[in-house]
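Student: Okay, here's the structure, questions in a sec.
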Amino acid sequence: MPKIENTPVLETERLILRRFTPADGEAVYRLYSDKEVNRFLPWFPLESREEAEKCLREFYLESYEKPCGYRYAVCLRAEDTPIGYVHVSGGESRDLGYALRREHWGQGIAAEAGRAVLARLSEAGYPYVTATHDILNPASGAVMRKMGMTYRYSYREQWQPKDIPVTFRMYQINLDGQEDRVYKQYWEQYPVHFVEDLAGESPPSAGDGSR
């Protein structure tokens with residue numbers, strides 16, 4: 001894993017991507033308590049502001065004390081309140097995840113934020129990045145394609161902690177030019193795996209809110 005600065009500030013035409021701060025508890029609550037935003041994400045919606053403060057402290061603020069990482073608050077340039085997030089995991093998958101408040105879906109914001117993070121990862125020497133989405137959430141796949149990622153394969157797992165069977169589509173972008181590389185851990189880990197023909201898939205009309 002390349003050694004990288006922990007969540008450096010990034011700017012795009014419409015956005016500022018920065019670290020979450022102790023003042024962002026209400027923004028975290030709005031994001032993580034919305035049932036629709038978190039429908040396809042691997043955790044249950046938060047039920048209280050106390051849970052949001054704990055999430056903010058343990059998942060974000062404490063992570064910034066580590067030497068490297070990417071856990072961004074997505075903010076509109078006109079204001080300094082987080083409307084979403086972009087994360088990149090520190091594991092071998094280099095998994096990219098994102099979510100936005102519902103009122104900002106369908107505006108290309110998730111893809112704009114994701115492209116900025118991918119550009120920074122490329123500068124930092126990341127060889128590749130992956131992302132997955134539930135097949136019932138095709139809008140997320142559209143966001144991945146807008147970021148320049150391409151579909152590689154699908155697999156089925158019993159998703160925890162929700163304990164439900166989910167079929168995921170795995171997307172990948174190779175930032176070092178080795179286009180034949182495919183991250184195969186999910187393929188090897190889960191017995192039900194296959195490659196779908198998505199050539200005729202129409203771009204979904206749903207928003208780009210979450211994975």
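Residues are referred to by chain and number: the chain letter is A, B, ... according to the order shown in the structure tokens, the number counts from 1 in that chain, and ligands are numbered separately from 1 in the order shown.
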Just asking: which residues within stretch 58-197 of chain A are strand (DSSP E) according to DSSP, as an NGL selection string?

Tutor: :A and (70-76 or 82-88 or 96-100 or 128-134 or 150-159 or 164-174 or 193-194)

Student: Keeping only C-alpha atoms, write the selected residues to a file as a PDB file, in the first residue's frame.

Tutor:
```pdb
ATOM      1  CA  TYR A  70      -8.969   8.571   2.853  1.00  0.00           C
ATOM      2  CA  ARG A  71     -12.245   9.360   4.631  1.00  0.00           C
ATOM      3  CA  TYR A  72     -13.731  12.495   3.134  1.00  0.00           C
ATOM      4  CA  ALA A  73     -16.616  14.776   3.965  1.00  0.00           C
ATOM      5  CA  VAL A  74     -18.138  16.027   0.706  1.00  0.00           C
ATOM      6  CA  CYS A  75     -19.136  19.704   0.973  1.00  0.00           C
ATOM      7  CA  LEU A  76     -20.529  22.159  -1.559  1.00  0.00           C
ATOM      8  CA  PRO A  82     -21.030  17.800   4.742  1.00  0.00           C
ATOM      9  CA  ILE A  83     -23.686  16.528   2.335  1.00  0.00           C
ATOM     10  CA  GLY A  84     -22.023  13.161   1.819  1.00  0.00           C
ATOM     11  CA  TYR A  85     -18.819  11.182   2.068  1.00  0.00           C
ATOM     12  CA  VAL A  86     -16.258   9.262   0.037  1.00  0.00           C
ATOM     13  CA  HIS A  87     -14.153   6.526   1.658  1.00  0.00           C
ATOM     14  CA  VAL A  88     -11.351   4.312   0.386  1.00  0.00           C
ATOM     15  CA  LEU A  96     -14.233   2.962  -2.714  1.00  0.00           C
ATOM     16  CA  GLY A  97     -17.571   3.803  -1.097  1.00  0.00           C
ATOM     17  CA  TYR A  98     -19.767   6.891  -1.115  1.00  0.00           C
ATOM     18  CA  ALA A  99     -23.149   8.326  -0.131  1.00  0.00           C
ATOM     19  CA  LEU A 100     -25.031  11.613  -0.442  1.00  0.00           C
ATOM     20  CA  TYR A 128      -5.966   0.135  -8.657  1.00  0.00           C
ATOM     21  CA  VAL A 129      -9.236   0.809  -6.851  1.00  0.00           C
ATOM     22  CA  THR A 130     -12.383  -1.341  -6.666  1.00  0.00           C
ATOM     23  CA  ALA A 131     -16.013  -0.649  -5.805  1.00  0.00           C
ATOM     24  CA  THR A 132     -19.079  -2.857  -5.446  1.00  0.00           C
ATOM     25  CA  HIS A 133     -22.812  -2.298  -5.605  1.00  0.00           C
ATOM     26  CA  ASP A 134     -25.955  -4.331  -4.956  1.00  0.00           C
ATOM     27  CA  THR A 150     -15.465  -0.830 -15.478  1.00  0.00           C
ATOM     28  CA  TYR A 151     -17.508  -3.879 -14.512  1.00  0.00           C
ATOM     29  CA  ARG A 152     -15.477  -7.073 -13.905  1.00  0.00           C
ATOM     30  CA  TYR A 153     -17.744  -9.727 -12.315  1.00  0.00           C
ATOM     31  CA  SER A 154     -20.621 -10.435  -9.927  1.00  0.00           C
ATOM     32  CA  TYR A 155     -20.785 -12.542  -6.768  1.00  0.00           C
ATOM     33  CA  ARG A 156     -23.270 -13.452  -4.058  1.00  0.00           C
ATOM     34  CA  GLU A 157     -22.676 -13.284  -0.314  1.00  0.00           C
ATOM     35  CA  GLN A 158     -24.672 -13.397   2.894  1.00  0.00           C
ATOM     36  CA  TRP A 159     -24.208  -9.776   3.858  1.00  0.00           C
ATOM     37  CA  ILE A 164     -29.349 -10.991   3.844  1.00  0.00           C
ATOM     38  CA  PRO A 165     -28.247 -12.590   0.556  1.00  0.00           C
ATOM     39  CA  VAL A 166     -26.917  -9.926  -1.806  1.00  0.00           C
ATOM     40  CA  THR A 167     -25.554 -10.168  -5.327  1.00  0.00           C
ATOM     41  CA  PHE A 168     -22.853  -7.579  -5.900  1.00  0.00           C
ATOM     42  CA  ARG A 169     -21.292  -6.241  -9.069  1.00  0.00           C
ATOM     43  CA  MET A 170     -17.595  -5.495  -8.737  1.00  0.00           C
ATOM     44  CA  TYR A 171     -16.097  -2.579 -10.645  1.00  0.00           C
ATOM     45  CA  GLN A 172     -12.426  -1.659 -10.915  1.00  0.00           C
ATOM     46  CA  ILE A 173     -10.125   1.011 -12.306  1.00  0.00           C
ATOM     47  CA  ASN A 174      -6.418   0.365 -12.826  1.00  0.00           C
ATOM     48  CA  HIS A 193     -19.799 -15.893  -8.930  1.00  0.00           C
ATOM     49  CA  PHE A 194     -20.309 -15.119 -12.609  1.00  0.00           C
TER      50      PHE A 194
END
```

Student: Any idea what's packed within 7 Å of stretch 29-36 of chain A, counting only C-alpha atoms, ignoring anything in its chain fewer than 6 positions away? Could you give it as a compact mmCIF listing (two decimals) with all heavy atoms, in the first residue's frame?

Tutor:
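Wrote around-v1.txt, looks like this:
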```txt
# COMPACT_ATOMS: atom_id res chain seq x y z
N PRO A 45 -29.32 1.96 9.73
CA PRO A 45 -29.37 3.41 9.98
C PRO A 45 -29.25 3.73 11.46
O PRO A 45 -29.76 3.00 12.31
CB PRO A 45 -30.76 3.80 9.44
CG PRO A 45 -31.11 2.73 8.45
CD PRO A 45 -30.49 1.47 8.99
N LEU A 46 -28.56 4.82 11.75
CA LEU A 46 -28.42 5.25 13.14
C LEU A 46 -29.77 5.72 13.68
O LEU A 46 -30.59 6.26 12.93
CB LEU A 46 -27.40 6.37 13.25
CG LEU A 46 -25.97 6.04 12.79
CD1 LEU A 46 -25.06 7.24 13.01
CD2 LEU A 46 -25.43 4.82 13.51
N GLU A 47 -29.97 5.54 14.97
CA GLU A 47 -31.25 5.88 15.58
C GLU A 47 -31.17 7.07 16.52
O GLU A 47 -32.21 7.54 16.99
CB GLU A 47 -31.80 4.66 16.32
CG GLU A 47 -32.11 3.49 15.41
CD GLU A 47 -32.71 2.31 16.14
OE1 GLU A 47 -32.76 2.36 17.39
OE2 GLU A 47 -33.14 1.35 15.48
N ARG A 49 -28.67 10.73 17.91
CA ARG A 49 -27.52 11.62 17.76
C ARG A 49 -26.33 11.13 18.58
O ARG A 49 -25.18 11.41 18.23
CB ARG A 49 -27.91 13.05 18.12
CG ARG A 49 -28.75 13.71 17.02
CD ARG A 49 -29.35 15.02 17.43
NE ARG A 49 -29.97 15.68 16.28
CZ ARG A 49 -31.15 15.34 15.77
NH1 ARG A 49 -31.84 14.32 16.30
NH2 ARG A 49 -31.65 15.98 14.73
N ALA A 52 -24.59 8.88 16.37
CA ALA A 52 -23.89 9.65 15.35
C ALA A 52 -22.58 10.22 15.88
O ALA A 52 -21.56 10.21 15.19
CB ALA A 52 -24.78 10.77 14.83
N GLY A 84 -22.31 14.55 2.18
CA GLY A 84 -22.02 13.16 1.82
C GLY A 84 -20.61 12.80 2.23
O GLY A 84 -19.94 13.55 2.95
N ARG A 101 -26.71 12.86 0.76
CA ARG A 101 -28.07 13.13 1.18
C ARG A 101 -28.98 13.12 -0.04
O ARG A 101 -28.59 13.52 -1.14
CB ARG A 101 -28.15 14.50 1.88
CG ARG A 101 -27.41 14.55 3.19
CD ARG A 101 -28.04 15.56 4.15
NE ARG A 101 -28.32 16.83 3.53
CZ ARG A 101 -27.63 17.96 3.76
NH1 ARG A 101 -26.61 17.95 4.59
NH2 ARG A 101 -27.97 19.08 3.18
```

Student: Per residue of stretch 96-122 of chain A within 8 Å of stretch 10-13 of chain A, record the nearest atom pair and its distance in Å to one decimal, counting only C-alpha atoms, with rows in chain order and ascending residue number, as CSV.

Tutor:
```
residue,atom,partner,partner_atom,distance
A:Glu112,CA,A:Thr12,CA,7.4
A:Ala113,CA,A:Thr12,CA,7.6
A:Ala116,CA,A:Leu10,CA,7.0
A:Val117,CA,A:Leu10,CA,7.7
```

Student: How about saving the chosen residues, C-alpha atoms kept, as a PDB file, in the first residue's frame?

Tutor:
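Output saved as result13.pdb:
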```
ATOM      1  CA  GLU A 112     -17.386  14.419  -9.304  1.00  0.00           C
ATOM      2  CA  ALA A 113     -16.188  13.710  -5.775  1.00  0.00           C
ATOM      3  CA  ALA A 116     -11.216  13.826  -7.484  1.00  0.00           C
ATOM      4  CA  VAL A 117     -10.336  11.096  -4.991  1.00  0.00           C
TER       5      VAL A 117
END
```

Student: Smallest atom-to-atom distance to A:Lys146: which of A:Gly177, A:Pro67, A:Gly108, A:Gly91, using only C-alpha atoms?

Tutor: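 Closest to A:Lys146, using only C-alpha atoms: A:Gly108.
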
Student: So that I can check the secondary structure, give me every residue of stretch 36-184 of chain A assigned alpha helix (DSSP H) by backbone DSSP, as number ranges by chain.

Tutor: A: 49-55, 109-124, 138-146

Student: Selection from above, N, CA, C and O atoms, as a CSV table (one decimal), in the first residue's frame, can you write it?

Tutor:
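Saved as again-v4.csv:
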```csv
chain,number,residue,atom,x,y,z
A,49,ARG,N,-28.7,10.7,17.9
A,49,ARG,CA,-27.5,11.6,17.8
A,49,ARG,C,-26.3,11.1,18.6
A,49,ARG,O,-25.2,11.4,18.2
A,50,GLU,N,-26.6,10.4,19.7
A,50,GLU,CA,-25.5,9.8,20.4
A,50,GLU,C,-24.8,8.8,19.6
A,50,GLU,O,-23.5,8.7,19.6
A,51,GLU,N,-25.5,8.0,18.8
A,51,GLU,CA,-24.9,7.0,17.9
A,51,GLU,C,-24.1,7.8,16.8
A,51,GLU,O,-23.0,7.3,16.4
A,52,ALA,N,-24.6,8.9,16.4
A,52,ALA,CA,-23.9,9.6,15.3
A,52,ALA,C,-22.6,10.2,15.9
A,52,ALA,O,-21.6,10.2,15.2
A,53,GLU,N,-22.6,10.7,17.1
A,53,GLU,CA,-21.4,11.2,17.7
A,53,GLU,C,-20.3,10.1,17.9
A,53,GLU,O,-19.1,10.4,17.7
A,54,LYS,N,-20.8,8.9,18.2
A,54,LYS,CA,-19.9,7.8,18.3
A,54,LYS,C,-19.3,7.4,17.0
A,54,LYS,O,-18.1,7.2,16.9
A,55,CYS,N,-20.1,7.4,16.0
A,55,CYS,CA,-19.7,7.1,14.6
A,55,CYS,C,-18.7,8.1,14.2
A,55,CYS,O,-17.6,7.8,13.6
A,109,ILE,N,-22.9,14.7,-8.3
A,109,ILE,CA,-21.9,15.1,-7.3
A,109,ILE,C,-21.1,13.9,-6.8
A,109,ILE,O,-19.9,14.1,-6.6
A,110,ALA,N,-21.7,12.8,-6.7
A,110,ALA,CA,-20.9,11.6,-6.2
A,110,ALA,C,-19.8,11.3,-7.2
A,110,ALA,O,-18.7,11.0,-6.8
A,111,ALA,N,-20.1,11.3,-8.5
A,111,ALA,CA,-19.1,11.0,-9.5
A,111,ALA,C,-18.0,12.1,-9.5
A,111,ALA,O,-16.8,11.8,-9.6
A,112,GLU,N,-18.4,13.3,-9.3
A,112,GLU,CA,-17.4,14.4,-9.3
A,112,GLU,C,-16.4,14.2,-8.1
A,112,GLU,O,-15.2,14.4,-8.2
A,113,ALA,N,-17.0,13.9,-7.0
A,113,ALA,CA,-16.2,13.7,-5.8
A,113,ALA,C,-15.3,12.5,-6.0
A,113,ALA,O,-14.1,12.5,-5.6
A,114,GLY,N,-15.9,11.4,-6.5
A,114,GLY,CA,-15.1,10.2,-6.7
A,114,GLY,C,-13.9,10.4,-7.6
A,114,GLY,O,-12.8,9.8,-7.4
A,115,ARG,N,-14.2,11.1,-8.7
A,115,ARG,CA,-13.1,11.3,-9.7
A,115,ARG,C,-11.9,12.1,-9.0
A,115,ARG,O,-10.8,11.8,-9.3
A,116,ALA,N,-12.3,13.1,-8.2
A,116,ALA,CA,-11.2,13.8,-7.5
A,116,ALA,C,-10.4,12.9,-6.6
A,116,ALA,O,-9.2,13.0,-6.5
A,117,VAL,N,-11.1,12.0,-5.9
A,117,VAL,CA,-10.3,11.1,-5.0
A,117,VAL,C,-9.5,10.1,-5.8
A,117,VAL,O,-8.3,9.9,-5.5
A,118,LEU,N,-10.0,9.6,-6.9
A,118,LEU,CA,-9.2,8.7,-7.8
A,118,LEU,C,-8.0,9.4,-8.3
A,118,LEU,O,-6.9,8.8,-8.4
A,119,ALA,N,-8.1,10.7,-8.7
A,119,ALA,CA,-7.0,11.4,-9.2
A,119,ALA,C,-5.9,11.5,-8.1
A,119,ALA,O,-4.7,11.4,-8.4
A,120,ARG,N,-6.3,11.8,-6.9
A,120,ARG,CA,-5.4,11.9,-5.8
A,120,ARG,C,-4.7,10.5,-5.5
A,120,ARG,O,-3.5,10.4,-5.3
A,121,LEU,N,-5.5,9.4,-5.6
A,121,LEU,CA,-4.9,8.1,-5.4
A,121,LEU,C,-3.9,7.8,-6.5
A,121,LEU,O,-2.9,7.1,-6.2
A,122,SER,N,-4.2,8.2,-7.7
A,122,SER,CA,-3.3,7.9,-8.8
A,122,SER,C,-1.9,8.7,-8.6
A,122,SER,O,-0.8,8.1,-8.7
A,123,GLU,N,-2.0,9.9,-8.1
A,123,GLU,CA,-0.8,10.7,-7.8
A,123,GLU,C,0.0,10.0,-6.6
A,123,GLU,O,1.2,10.1,-6.6
A,124,ALA,N,-0.8,9.4,-5.7
A,124,ALA,CA,-0.1,8.8,-4.6
A,124,ALA,C,0.4,7.4,-4.9
A,124,ALA,O,1.1,6.8,-4.0
A,138,PRO,N,-28.8,-0.2,-9.3
A,138,PRO,CA,-28.0,0.1,-10.5
A,138,PRO,C,-27.5,1.5,-10.6
A,138,PRO,O,-26.5,1.8,-11.4
A,139,ALA,N,-28.2,2.4,-10.0
A,139,ALA,CA,-27.7,3.8,-10.1
A,139,ALA,C,-26.3,4.0,-9.6
A,139,ALA,O,-25.5,4.8,-10.0
A,140,SER,N,-25.9,3.2,-8.6
A,140,SER,CA,-24.6,3.2,-8.1
A,140,SER,C,-23.6,2.7,-9.1
A,140,SER,O,-22.5,3.2,-9.2
A,141,GLY,N,-24.0,1.7,-9.9
A,141,GLY,CA,-23.1,1.3,-11.0
A,141,GLY,C,-22.9,2.4,-12.0
A,141,GLY,O,-21.8,2.5,-12.6
A,142,ALA,N,-23.9,3.2,-12.2
A,142,ALA,CA,-23.8,4.3,-13.2
A,142,ALA,C,-22.8,5.3,-12.7
A,142,ALA,O,-22.0,5.9,-13.4
A,143,VAL,N,-22.8,5.6,-11.3
A,143,VAL,CA,-21.8,6.5,-10.8
A,143,VAL,C,-20.4,5.9,-11.0
A,143,VAL,O,-19.4,6.6,-11.3
A,144,MET,N,-20.2,4.6,-10.8
A,144,MET,CA,-18.9,4.0,-10.9
A,144,MET,C,-18.4,4.1,-12.4
A,144,MET,O,-17.2,4.4,-12.6
A,145,ARG,N,-19.3,4.0,-13.3
A,145,ARG,CA,-18.9,4.1,-14.7
A,145,ARG,C,-18.5,5.6,-15.0
A,145,ARG,O,-17.6,5.8,-15.8
A,146,LYS,N,-19.2,6.5,-14.4
A,146,LYS,CA,-18.9,7.9,-14.6
A,146,LYS,C,-17.5,8.3,-14.1
A,146,LYS,O,-16.9,9.2,-14.5
```

Student: Can you pull out the residues contacting A:Val9? Cut-off 8 Å, using only C-alpha atoms, and skip same-chain residues under 5 positions away; I want them as a ChimeraX atom specification.

Tutor: /A:16-19

Student: What does the structure give for the distance between atom CA of A:Gln107 and atom CA of A:Thr21, in Å to one decimal?

Tutor: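 Atom CA of A:Thr21 lies at a distance of 25.3 Å from atom CA of A:Gln107.
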